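*Asks:* Below you'll find entry-v9.txt; it's compact mmCIF, C-alpha atoms and all ligand atoms.
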# COMPACT_ATOMS: atom_id res chain seq x y z
CA MET A 1 -1.59 -50.28 -78.52
CA GLN A 2 -3.85 -47.78 -80.18
CA ARG A 3 -7.40 -46.82 -79.19
CA ASP A 4 -9.61 -44.18 -80.69
CA THR A 5 -10.30 -41.61 -78.03
CA GLY A 6 -13.83 -40.75 -79.17
CA GLY A 7 -14.83 -44.41 -78.92
CA TYR A 8 -13.08 -44.65 -75.56
CA THR A 9 -15.20 -41.80 -74.23
CA VAL A 10 -18.42 -43.39 -75.48
CA ALA A 11 -17.55 -46.74 -73.94
CA LEU A 12 -16.66 -45.28 -70.57
CA ALA A 13 -19.79 -43.09 -70.49
CA ALA A 14 -21.87 -46.20 -71.16
CA SER A 15 -20.01 -48.20 -68.56
CA MET A 16 -20.48 -45.55 -65.87
CA GLN A 17 -24.21 -45.53 -66.40
CA HIS A 18 -24.93 -49.17 -67.00
CA ILE A 19 -22.26 -51.03 -65.06
CA PHE A 20 -21.81 -48.66 -62.13
CA ASP A 21 -25.24 -47.02 -62.07
CA ALA A 22 -23.27 -43.84 -61.42
CA LYS A 23 -24.84 -40.42 -60.89
CA ALA A 24 -23.28 -36.99 -61.09
CA GLY A 25 -22.21 -35.77 -57.67
CA GLN A 26 -21.32 -39.21 -56.32
CA THR A 27 -17.77 -40.19 -55.43
CA PHE A 28 -15.68 -42.88 -57.08
CA PHE A 29 -12.61 -44.45 -55.51
CA ALA A 30 -10.52 -46.75 -57.71
CA THR A 31 -7.57 -48.03 -55.71
CA SER A 32 -5.62 -48.90 -58.81
CA ASP A 33 -2.14 -47.81 -59.78
CA ILE A 34 -2.57 -44.86 -62.15
CA GLY A 35 -0.31 -46.56 -64.70
CA TRP A 36 -2.66 -49.53 -65.00
CA VAL A 37 -5.63 -49.51 -67.34
CA VAL A 38 -8.07 -49.50 -64.41
CA GLY A 39 -6.38 -46.27 -63.36
CA HIS A 40 -6.91 -44.67 -66.77
CA SER A 41 -10.49 -45.81 -67.12
CA TYR A 42 -11.73 -45.57 -63.55
CA ILE A 43 -9.60 -43.08 -61.70
CA ILE A 44 -9.62 -40.53 -64.48
CA TYR A 45 -11.93 -40.72 -67.46
CA GLY A 46 -14.97 -42.69 -66.32
CA PRO A 47 -15.79 -40.78 -63.13
CA LEU A 48 -15.03 -37.38 -64.67
CA ILE A 49 -17.17 -38.12 -67.74
CA ALA A 50 -19.99 -39.07 -65.35
CA GLY A 51 -19.67 -35.83 -63.37
CA MET A 52 -18.45 -37.60 -60.26
CA ALA A 53 -15.72 -36.72 -57.82
CA THR A 54 -12.81 -39.11 -58.12
CA ILE A 55 -10.27 -40.03 -55.51
CA MET A 56 -6.65 -40.42 -56.44
CA TYR A 57 -4.76 -42.17 -53.72
CA GLU A 58 -1.28 -43.51 -54.06
CA GLY A 59 -0.18 -45.98 -51.42
CA LEU A 60 -0.56 -49.46 -50.04
CA PRO A 61 -3.80 -50.69 -48.49
CA THR A 62 -1.91 -51.43 -45.27
CA ARG A 63 0.00 -48.18 -44.68
CA PRO A 64 -0.09 -46.50 -42.26
CA ASP A 65 -2.50 -49.24 -41.23
CA ALA A 66 -5.04 -51.63 -42.73
CA GLY A 67 -7.86 -49.15 -42.18
CA VAL A 68 -6.55 -46.51 -44.57
CA TRP A 69 -8.97 -47.24 -47.43
CA TRP A 70 -12.00 -47.34 -45.13
CA SER A 71 -10.98 -44.08 -43.52
CA ILE A 72 -10.94 -42.56 -47.03
CA VAL A 73 -14.38 -44.02 -47.75
CA GLU A 74 -15.73 -42.50 -44.55
CA LYS A 75 -14.07 -39.13 -44.97
CA TYR A 76 -15.11 -38.56 -48.58
CA GLN A 77 -18.39 -40.51 -48.46
CA VAL A 78 -17.35 -42.76 -51.28
CA THR A 79 -20.26 -44.35 -53.11
CA HIS A 80 -18.41 -46.52 -55.65
CA MET A 81 -15.23 -48.40 -55.00
CA PHE A 82 -13.11 -50.35 -57.48
CA SER A 83 -10.20 -52.56 -56.54
CA ALA A 84 -8.55 -55.90 -57.28
CA PRO A 85 -8.88 -59.30 -55.61
CA THR A 86 -5.20 -59.29 -54.71
CA ALA A 87 -5.67 -56.19 -52.54
CA VAL A 88 -8.61 -57.79 -50.78
CA ARG A 89 -6.53 -60.86 -50.06
CA VAL A 90 -3.87 -58.63 -48.54
CA LEU A 91 -6.49 -57.09 -46.26
CA LYS A 92 -7.85 -60.51 -45.37
CA LYS A 93 -4.55 -61.21 -43.64
CA GLN A 94 -4.91 -58.18 -41.36
CA ASP A 95 -6.94 -57.77 -38.22
CA PRO A 96 -10.61 -57.79 -39.35
CA SER A 97 -11.48 -55.07 -36.82
CA TRP A 98 -10.06 -52.47 -39.26
CA LEU A 99 -13.13 -53.01 -41.37
CA SER A 100 -15.57 -52.11 -38.64
CA LYS A 101 -13.68 -49.09 -37.37
CA TYR A 102 -15.05 -46.70 -40.00
CA ASN A 103 -18.47 -45.86 -41.32
CA VAL A 104 -18.62 -47.20 -44.86
CA SER A 105 -22.38 -47.08 -45.21
CA THR A 106 -22.19 -44.69 -48.19
CA LEU A 107 -20.74 -47.52 -50.32
CA LYS A 108 -23.16 -49.02 -52.81
CA ALA A 109 -20.93 -51.81 -54.02
CA LEU A 110 -17.35 -52.89 -54.49
CA TRP A 111 -16.21 -53.77 -58.00
CA LEU A 112 -13.20 -56.02 -58.41
CA ALA A 113 -11.25 -56.85 -61.55
CA GLY A 114 -7.92 -58.00 -62.83
CA GLU A 115 -7.68 -61.64 -61.80
CA PRO A 116 -9.87 -64.47 -60.67
CA LEU A 117 -11.92 -63.64 -57.60
CA ASP A 118 -12.05 -66.77 -55.47
CA GLU A 119 -15.22 -67.40 -53.55
CA PRO A 120 -13.78 -67.28 -50.00
CA THR A 121 -12.28 -63.83 -50.68
CA ALA A 122 -15.53 -62.55 -52.20
CA GLN A 123 -17.58 -63.88 -49.28
CA TRP A 124 -15.21 -62.42 -46.73
CA ILE A 125 -15.22 -58.86 -48.09
CA SER A 126 -18.93 -58.94 -48.86
CA GLN A 127 -19.72 -59.85 -45.27
CA ALA A 128 -17.27 -57.33 -43.87
CA LEU A 129 -18.57 -54.38 -45.93
CA GLN A 130 -22.19 -55.49 -46.22
CA VAL A 131 -22.33 -54.46 -49.86
CA PRO A 132 -22.58 -56.42 -53.12
CA ILE A 133 -19.25 -57.48 -54.60
CA ILE A 134 -19.24 -57.19 -58.37
CA ASP A 135 -16.56 -59.08 -60.20
CA ASN A 136 -15.83 -57.82 -63.69
CA TYR A 137 -13.60 -59.31 -66.31
CA TRP A 138 -11.70 -57.39 -68.97
CA GLN A 139 -8.27 -56.64 -70.36
CA THR A 140 -6.01 -53.68 -70.97
CA GLU A 141 -6.82 -54.27 -74.63
CA THR A 142 -10.54 -53.67 -74.14
CA GLY A 143 -10.41 -50.73 -71.70
CA TRP A 144 -13.75 -51.59 -70.06
CA PRO A 145 -15.56 -54.71 -68.86
CA ILE A 146 -16.27 -57.64 -71.19
CA LEU A 147 -18.11 -59.69 -68.57
CA THR A 148 -19.93 -58.11 -65.67
CA LEU A 149 -23.30 -57.64 -64.09
CA ALA A 150 -24.77 -54.48 -65.57
CA ASN A 151 -26.87 -53.56 -62.56
CA GLY A 152 -27.46 -50.09 -63.97
CA ILE A 153 -29.60 -51.76 -66.64
CA GLU A 154 -31.20 -54.47 -64.58
CA GLN A 155 -30.45 -55.84 -61.10
CA GLN A 156 -28.97 -59.30 -61.38
CA THR A 157 -27.94 -61.84 -58.80
CA THR A 158 -24.25 -62.28 -58.13
CA ARG A 159 -22.90 -65.78 -58.50
CA PHE A 160 -19.71 -66.17 -56.55
CA GLY A 161 -16.86 -67.20 -58.79
CA SER A 162 -18.43 -65.64 -61.88
CA PRO A 163 -17.80 -62.18 -63.34
CA GLY A 164 -21.24 -62.44 -64.90
CA LYS A 165 -22.58 -62.05 -68.39
CA ALA A 166 -21.34 -60.57 -71.64
CA MET A 167 -21.64 -56.78 -71.67
CA TYR A 168 -23.48 -55.35 -74.66
CA GLY A 169 -21.14 -54.59 -77.52
CA TYR A 170 -19.12 -57.75 -76.98
CA GLY A 171 -19.95 -60.85 -79.02
CA VAL A 172 -18.42 -63.23 -76.49
CA LYS A 173 -18.03 -66.82 -77.73
CA LEU A 174 -16.46 -69.92 -76.31
CA ILE A 175 -14.35 -71.63 -78.93
CA ASP A 176 -12.83 -75.08 -79.15
CA GLU A 177 -9.12 -74.31 -79.41
CA THR A 178 -8.33 -77.16 -81.82
CA THR A 179 -11.34 -77.22 -84.15
CA GLY A 180 -12.16 -73.51 -83.95
CA GLU A 181 -15.83 -74.40 -83.47
CA GLU A 182 -18.11 -72.45 -81.22
CA LEU A 183 -19.18 -74.30 -78.08
CA THR A 184 -22.86 -73.67 -77.52
CA GLN A 185 -23.80 -76.13 -74.78
CA PRO A 186 -23.68 -75.04 -71.13
CA ASN A 187 -20.52 -75.74 -69.14
CA GLN A 188 -18.26 -76.56 -72.05
CA LYS A 189 -14.74 -75.30 -71.59
CA GLY A 190 -13.30 -73.20 -74.38
CA VAL A 191 -11.22 -70.18 -75.21
CA VAL A 192 -13.04 -66.93 -74.46
CA ALA A 193 -13.13 -65.11 -77.78
CA ILE A 194 -14.89 -62.02 -79.12
CA GLU A 195 -16.44 -61.81 -82.55
CA GLY A 196 -15.46 -58.70 -84.47
CA PRO A 197 -15.96 -55.83 -84.59
CA LEU A 198 -14.92 -55.06 -81.05
CA PRO A 199 -17.05 -52.39 -79.38
CA PRO A 200 -15.89 -48.79 -78.89
CA GLY A 201 -13.07 -48.30 -76.43
CA CYS A 202 -11.11 -51.40 -77.38
CA MET A 203 -7.68 -51.43 -78.95
CA GLN A 204 -7.81 -51.00 -82.71
CA THR A 205 -4.30 -52.05 -83.53
CA VAL A 206 -0.85 -52.46 -82.13
CA TRP A 207 0.96 -49.15 -82.49
CA ARG A 208 2.42 -49.05 -86.00
CA ASP A 209 2.12 -52.80 -86.41
CA ASP A 210 -1.23 -53.86 -87.91
CA ASP A 211 0.12 -57.29 -88.85
CA ARG A 212 1.10 -58.03 -85.32
CA PHE A 213 -2.35 -57.03 -84.10
CA VAL A 214 -4.05 -59.35 -86.57
CA ASN A 215 -1.67 -62.26 -86.16
CA THR A 216 -1.47 -62.16 -82.39
CA TYR A 217 -5.04 -61.44 -81.43
CA TRP A 218 -7.21 -62.50 -84.36
CA LYS A 219 -5.54 -65.58 -85.81
CA SER A 220 -4.64 -67.68 -82.81
CA ILE A 221 -7.60 -70.03 -83.27
CA PRO A 222 -7.37 -72.27 -86.32
CA GLY A 223 -9.74 -71.52 -89.16
CA ARG A 224 -11.32 -68.46 -87.57
CA LEU A 225 -10.81 -64.76 -87.59
CA ILE A 226 -11.85 -63.96 -84.04
CA TYR A 227 -10.35 -61.95 -81.18
CA SER A 228 -8.84 -64.24 -78.55
CA THR A 229 -8.58 -63.19 -74.93
CA PHE A 230 -6.23 -66.13 -74.25
CA ASP A 231 -8.36 -67.08 -71.28
CA TRP A 232 -10.26 -70.33 -70.72
CA GLY A 233 -13.85 -70.07 -69.70
CA ILE A 234 -17.19 -71.79 -69.40
CA ARG A 235 -20.72 -70.44 -69.49
CA ASP A 236 -23.53 -71.96 -67.46
CA ALA A 237 -27.09 -72.45 -68.63
CA ASP A 238 -28.05 -68.95 -67.39
CA GLY A 239 -25.30 -67.12 -69.26
CA TYR A 240 -22.95 -66.63 -66.31
CA HIS A 241 -19.33 -67.09 -67.30
CA PHE A 242 -16.51 -68.52 -65.24
CA ILE A 243 -12.90 -67.74 -66.13
CA LEU A 244 -10.62 -70.72 -65.67
CA GLY A 245 -7.26 -69.06 -66.19
CA ARG A 246 -4.95 -68.14 -69.01
CA THR A 247 -4.58 -70.57 -71.89
CA ASP A 248 -0.88 -70.67 -71.06
CA ASP A 249 -1.46 -71.48 -67.36
CA VAL A 250 -2.19 -75.10 -68.11
CA ILE A 251 0.04 -77.81 -66.74
CA ASN A 252 0.28 -81.41 -67.75
CA VAL A 253 0.66 -83.94 -64.98
CA ALA A 254 1.14 -87.48 -66.22
CA GLY A 255 -1.02 -86.75 -69.25
CA HIS A 256 -3.75 -84.92 -67.35
CA ARG A 257 -4.27 -81.31 -68.32
CA LEU A 258 -4.99 -79.15 -65.31
CA GLY A 259 -5.59 -75.45 -64.92
CA THR A 260 -3.38 -74.00 -62.21
CA ARG A 261 -6.33 -71.77 -61.36
CA GLU A 262 -8.51 -74.72 -60.37
CA ILE A 263 -5.82 -75.96 -58.01
CA GLU A 264 -5.38 -72.47 -56.58
CA GLU A 265 -9.10 -72.18 -55.96
CA SER A 266 -9.09 -75.46 -54.11
CA ILE A 267 -6.10 -74.51 -51.93
CA ALA A 268 -7.57 -71.07 -51.23
CA SER A 269 -10.60 -72.73 -49.68
CA HIS A 270 -8.40 -73.86 -46.76
CA PRO A 271 -9.20 -71.56 -43.82
CA ASN A 272 -5.56 -70.79 -43.12
CA VAL A 273 -4.64 -69.84 -46.69
CA ALA A 274 -4.83 -66.14 -47.55
CA GLU A 275 -3.25 -66.33 -50.97
CA VAL A 276 -1.75 -68.96 -53.21
CA ALA A 277 0.05 -69.38 -56.52
CA VAL A 278 0.38 -72.71 -58.28
CA VAL A 279 2.89 -73.34 -61.03
CA GLY A 280 3.81 -76.37 -63.11
CA VAL A 281 7.34 -77.56 -62.48
CA ALA A 282 9.22 -79.94 -64.78
CA ASP A 283 9.35 -83.47 -63.43
CA ASN A 284 11.21 -86.44 -64.92
CA LEU A 285 8.50 -88.87 -64.14
CA LYS A 286 5.26 -87.00 -64.69
CA GLY A 287 6.22 -84.32 -67.20
CA GLN A 288 5.10 -81.63 -64.82
CA VAL A 289 3.92 -81.48 -61.25
CA ALA A 290 1.98 -78.75 -59.53
CA MET A 291 3.89 -76.79 -56.90
CA ALA A 292 2.12 -74.39 -54.58
CA PHE A 293 3.30 -71.28 -52.79
CA ALA A 294 0.85 -70.15 -50.15
CA VAL A 295 0.66 -67.19 -47.81
CA PRO A 296 -0.87 -68.32 -44.51
CA ARG A 297 -3.51 -66.15 -42.87
CA ASP A 298 -2.03 -66.89 -39.51
CA ALA A 299 1.62 -67.91 -39.55
CA THR A 300 1.84 -68.39 -35.79
CA GLY A 301 3.66 -71.59 -34.99
CA LEU A 302 4.65 -72.31 -38.57
CA ASP A 303 8.38 -71.95 -37.85
CA ASP A 304 7.94 -75.33 -36.29
CA ASP A 305 8.64 -78.05 -38.90
CA ALA A 306 5.97 -80.40 -37.63
CA ALA A 307 3.28 -77.70 -37.67
CA ARG A 308 4.25 -76.64 -41.17
CA LEU A 309 4.22 -80.20 -42.47
CA LYS A 310 0.86 -80.77 -40.89
CA LEU A 311 -0.59 -77.72 -42.68
CA GLU A 312 1.05 -78.80 -45.94
CA GLY A 313 -0.50 -82.25 -45.53
CA ASP A 314 -3.91 -80.79 -44.78
CA VAL A 315 -3.78 -78.64 -47.90
CA MET A 316 -2.78 -81.63 -50.02
CA LYS A 317 -5.65 -83.67 -48.60
CA LEU A 318 -8.05 -80.90 -49.46
CA VAL A 319 -6.91 -80.87 -53.10
CA ASP A 320 -7.09 -84.69 -53.22
CA HIS A 321 -10.60 -84.54 -51.97
CA GLN A 322 -11.82 -81.72 -54.22
CA LEU A 323 -9.97 -82.40 -57.46
CA GLY A 324 -8.37 -85.82 -57.19
CA ALA A 325 -4.86 -87.01 -56.44
CA VAL A 326 -3.50 -86.03 -59.85
CA ALA A 327 -3.97 -82.36 -58.98
CA ARG A 328 -2.28 -82.67 -55.60
CA PRO A 329 0.71 -80.32 -55.45
CA SER A 330 4.06 -82.02 -54.99
CA ARG A 331 4.91 -79.42 -52.37
CA VAL A 332 3.11 -76.58 -50.64
CA TYR A 333 5.60 -73.98 -49.54
CA PHE A 334 4.60 -71.24 -47.12
CA VAL A 335 5.83 -67.73 -47.86
CA ASN A 336 5.22 -64.22 -46.48
CA VAL A 337 4.56 -62.66 -49.84
CA LEU A 338 4.11 -63.77 -53.45
CA PRO A 339 6.06 -62.20 -56.31
CA LYS A 340 3.78 -59.68 -58.01
CA THR A 341 3.86 -56.77 -60.36
CA ARG A 342 3.05 -53.32 -59.06
CA SER A 343 -0.48 -53.74 -60.34
CA GLY A 344 -0.87 -56.92 -58.34
CA LYS A 345 -0.51 -59.61 -61.02
CA LEU A 346 1.16 -62.73 -59.86
CA LEU A 347 4.48 -63.27 -61.61
CA ARG A 348 3.84 -66.95 -62.22
CA ARG A 349 6.51 -67.24 -64.88
CA ALA A 350 9.18 -65.94 -62.53
CA LEU A 351 7.94 -68.26 -59.82
CA GLN A 352 8.05 -71.19 -62.19
CA ALA A 353 11.55 -70.29 -63.39
CA VAL A 354 12.88 -70.12 -59.85
CA ALA A 355 11.12 -73.38 -58.92
CA GLU A 356 12.87 -75.00 -61.89
CA ARG A 357 16.13 -73.27 -60.91
CA ARG A 358 16.17 -71.21 -64.09
CA ASP A 359 16.89 -67.53 -64.56
CA PRO A 360 13.59 -65.65 -64.07
CA GLY A 361 14.55 -63.02 -66.67
CA ASP A 362 13.36 -59.43 -66.65
CA LEU A 363 11.94 -58.48 -63.26
CA THR A 364 11.64 -54.74 -63.66
CA THR A 365 7.89 -54.75 -63.03
CA MET A 366 8.22 -56.66 -59.77
CA GLU A 367 6.95 -54.98 -56.62
CA ASP A 368 9.16 -56.67 -54.03
CA PRO A 369 12.34 -58.49 -55.14
CA ALA A 370 12.61 -60.16 -51.73
CA ALA A 371 9.56 -62.24 -52.63
CA LEU A 372 11.55 -64.29 -55.14
CA GLN A 373 14.52 -64.67 -52.82
CA GLN A 374 12.31 -66.37 -50.29
CA VAL A 375 11.13 -68.82 -52.96
CA ARG A 376 14.74 -69.49 -54.00
CA ASP A 377 15.68 -70.27 -50.41
CA LEU A 378 12.77 -72.64 -50.04
CA VAL A 379 13.16 -74.67 -53.21
CA GLY A 380 16.91 -74.81 -52.62
O1 LIG B 401 -6.62 -63.36 -67.55
C1 LIG B 401 -7.60 -62.36 -67.40
C2 LIG B 401 -7.37 -61.64 -66.08
O2 LIG B 401 -6.50 -60.57 -66.36
C3 LIG B 401 -6.27 -60.49 -67.77
C4 LIG B 401 -6.22 -59.05 -68.21
O3 LIG B 401 -5.23 -58.39 -67.46
P1 LIG B 401 -5.00 -56.81 -67.64
O4 LIG B 401 -4.73 -56.53 -69.06
O5 LIG B 401 -4.00 -56.41 -66.61
O6 LIG B 401 -6.43 -56.24 -67.33
C5 LIG B 401 -6.69 -55.43 -66.37
C6 LIG B 401 -8.11 -54.89 -66.50
C7 LIG B 401 -9.07 -55.52 -65.55
C8 LIG B 401 -7.41 -61.24 -68.40
O7 LIG B 401 -7.09 -61.69 -69.70
N1 LIG B 401 -8.61 -61.09 -65.53
C9 LIG B 401 -9.03 -59.81 -65.54
N2 LIG B 401 -10.18 -59.67 -64.86
C10 LIG B 401 -10.53 -60.90 -64.42
C11 LIG B 401 -9.53 -61.82 -64.86
N3 LIG B 401 -9.60 -63.14 -64.59
C12 LIG B 401 -10.66 -63.57 -63.89
N4 LIG B 401 -11.65 -62.77 -63.44
C13 LIG B 401 -11.62 -61.42 -63.67
N5 LIG B 401 -12.58 -60.64 -63.20
In structure tokens, what does this structure look like?
*Replies:*
Amino acid sequence: MQRDTGGYTVALAASMQHIFDAKAGQTFFATSDIGWVVGHSYIIYGPLIAGMATIMYEGLPTRPDAGVWWSIVEKYQVTHMFSAPTAVRVLKKQDPSWLSKYNVSTLKALWLAGEPLDEPTAQWISQALQVPIIDNYWQTETGWPILTLANGIEQQTTRFGSPGKAMYGYGVKLIDETTGEELTQPNQKGVVAIEGPLPPGCMQTVWRDDDRFVNTYWKSIPGRLIYSTFDWGIRDADGYHFILGRTDDVINVAGHRLGTREIEESIASHPNVAEVAVVGVADNLKGQVAMAFAVPRDATGLDDDAARLKLEGDVMKLVDHQLGAVARPSRVYFVNVLPKTRSGKLLRRALQAVAERRDPGDLTTMEDPAALQQVRDLVG
């Protein structure tokens, strides 16, 4: 993709001031992989433009132990920290005492981006660190947050499950995917789209392929020339948005359209679930059924078939109760680790392929190939 670097600088300077309330001399720690857009924007350019110190740390959050990030915060008196929900869920599986071992009182807030932040995870880390957790929603294509709470402009209350409100510069609209009409009432579900022009910092075209840029991003909604994020969302009466997953993460169970994200959120509310991925798997009878792969917080005793089936049953009952029987996963498999990219995105497509006994295709971005083998062994 192609961005203009002047605009990129302007956007990041604005974001440092208004989103992060950053001051020269403070210290920023983005735990991202440097090759990911969060690494470009918030390990390198943003903090340096704002006159801050920035911490570059390459490594897992659990090596040599699960206190490594907090020891860095203490040692360098980090004021601003930026990470991803997936990393927090990894930490949630570790002994919670790691979080109280270090003095993290210099932290003003923790910003998280990159995937849906489920409420239990947000609550857990917020309580552990005693700082506000600020979810922000954006894309590689935009380079800086589309939805966030801009506390550097005005303090706003966090609503768990919501990355907040449209950042200035972004004309965020919710659009009916079939009619192309804008949805203006609260709580209507539509495609999250952005009216042109995009603000500074965003991609301006696909490298040497203007047609592809226009056709892919601007013409996916019938009858409208508008930038599509390919995410579903709703906006409540106060302007807080909720992201409901990718437009291609929808499954169809016996004629009911369900977002895999909603089912994941429900399963994640079980106290013994640290992380979960739900995929739609082809089914002769129902078209598709939901299948869940969950990482338990505490796997003790789960080698025992009866204990595992009991937990599986409990999780199914929870989904029945919260979303209705149609959303109940056909199976809940328990795994040690979910297949992810190095930047922590769930590889749902690979999971789905393996669950349907198909070839998962190109896996070069996968962090841990053993994760898929475990799924293969389970689904048989
Ligand atoms: O689906 C949305 C999800 O991640 C996508 C963008 O991924 P990437 O290009 O890797 O962006 C990284 C920069 C943060 C989005 O289209 N996504 C990102 N942030 C959130 C999110 N989904 C829910 N909540 C978020 N805060």
*Asks:* Which residue out of A:Arg3, A:Arg349, A:Lys92, A:Lys286 has the minimum interatomic distance to Pro199 in chain A when only C-alpha atoms are used?
*Replies:* A:Arg3
*Asks:* Which residues are near Thr142 in chain A? Cut-off 9 Å, all atoms listed in the file, ignore same chain within fewer than 5 positions. Put them as a list in words.
*Replies:*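 In the requested format, the answer is Leu198, Pro199, Pro200, Gly201, Cys202 and Met203 of chain A.
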*Asks:* To one decimal place, how far is CA of Ile72 in chain A from CA of Arg342 in chain A in Å?
*Replies:*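 Separation of CA of Ile72 in chain A and CA of Arg342 in chain A: 21.4 Å.
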*Asks:* Identify, counting all atoms listed in the file, the protein, DNA and RNA residues located within 8 Å of ligand LIG 401 (chain B), and give them as a VMD selection string.
*Replies:* chain A and resid 36 to 38 112 to 117 135 to 141 143 to 145 147 162 to 163 229 to 231 242 to 246 343 345
*Asks:* What's around Ala290 in chain A at 10 Å? Count all atoms listed in the file, leave out sequence neighbours fewer than 2 positions away in its own chain, and write the answer as a list in words.
*Replies:*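 Once the nearby chain positions are removed, what remains is Ile251, Asn252, Val253, Leu258, Gly259, Thr260, Ile263, Val278, Val279, Gly280, Val281, Ala282, Asp283, Gln288, Ala292, Val326, Ala327, Arg328, Pro329, Ser330, Arg331 and Val332 of chain A.
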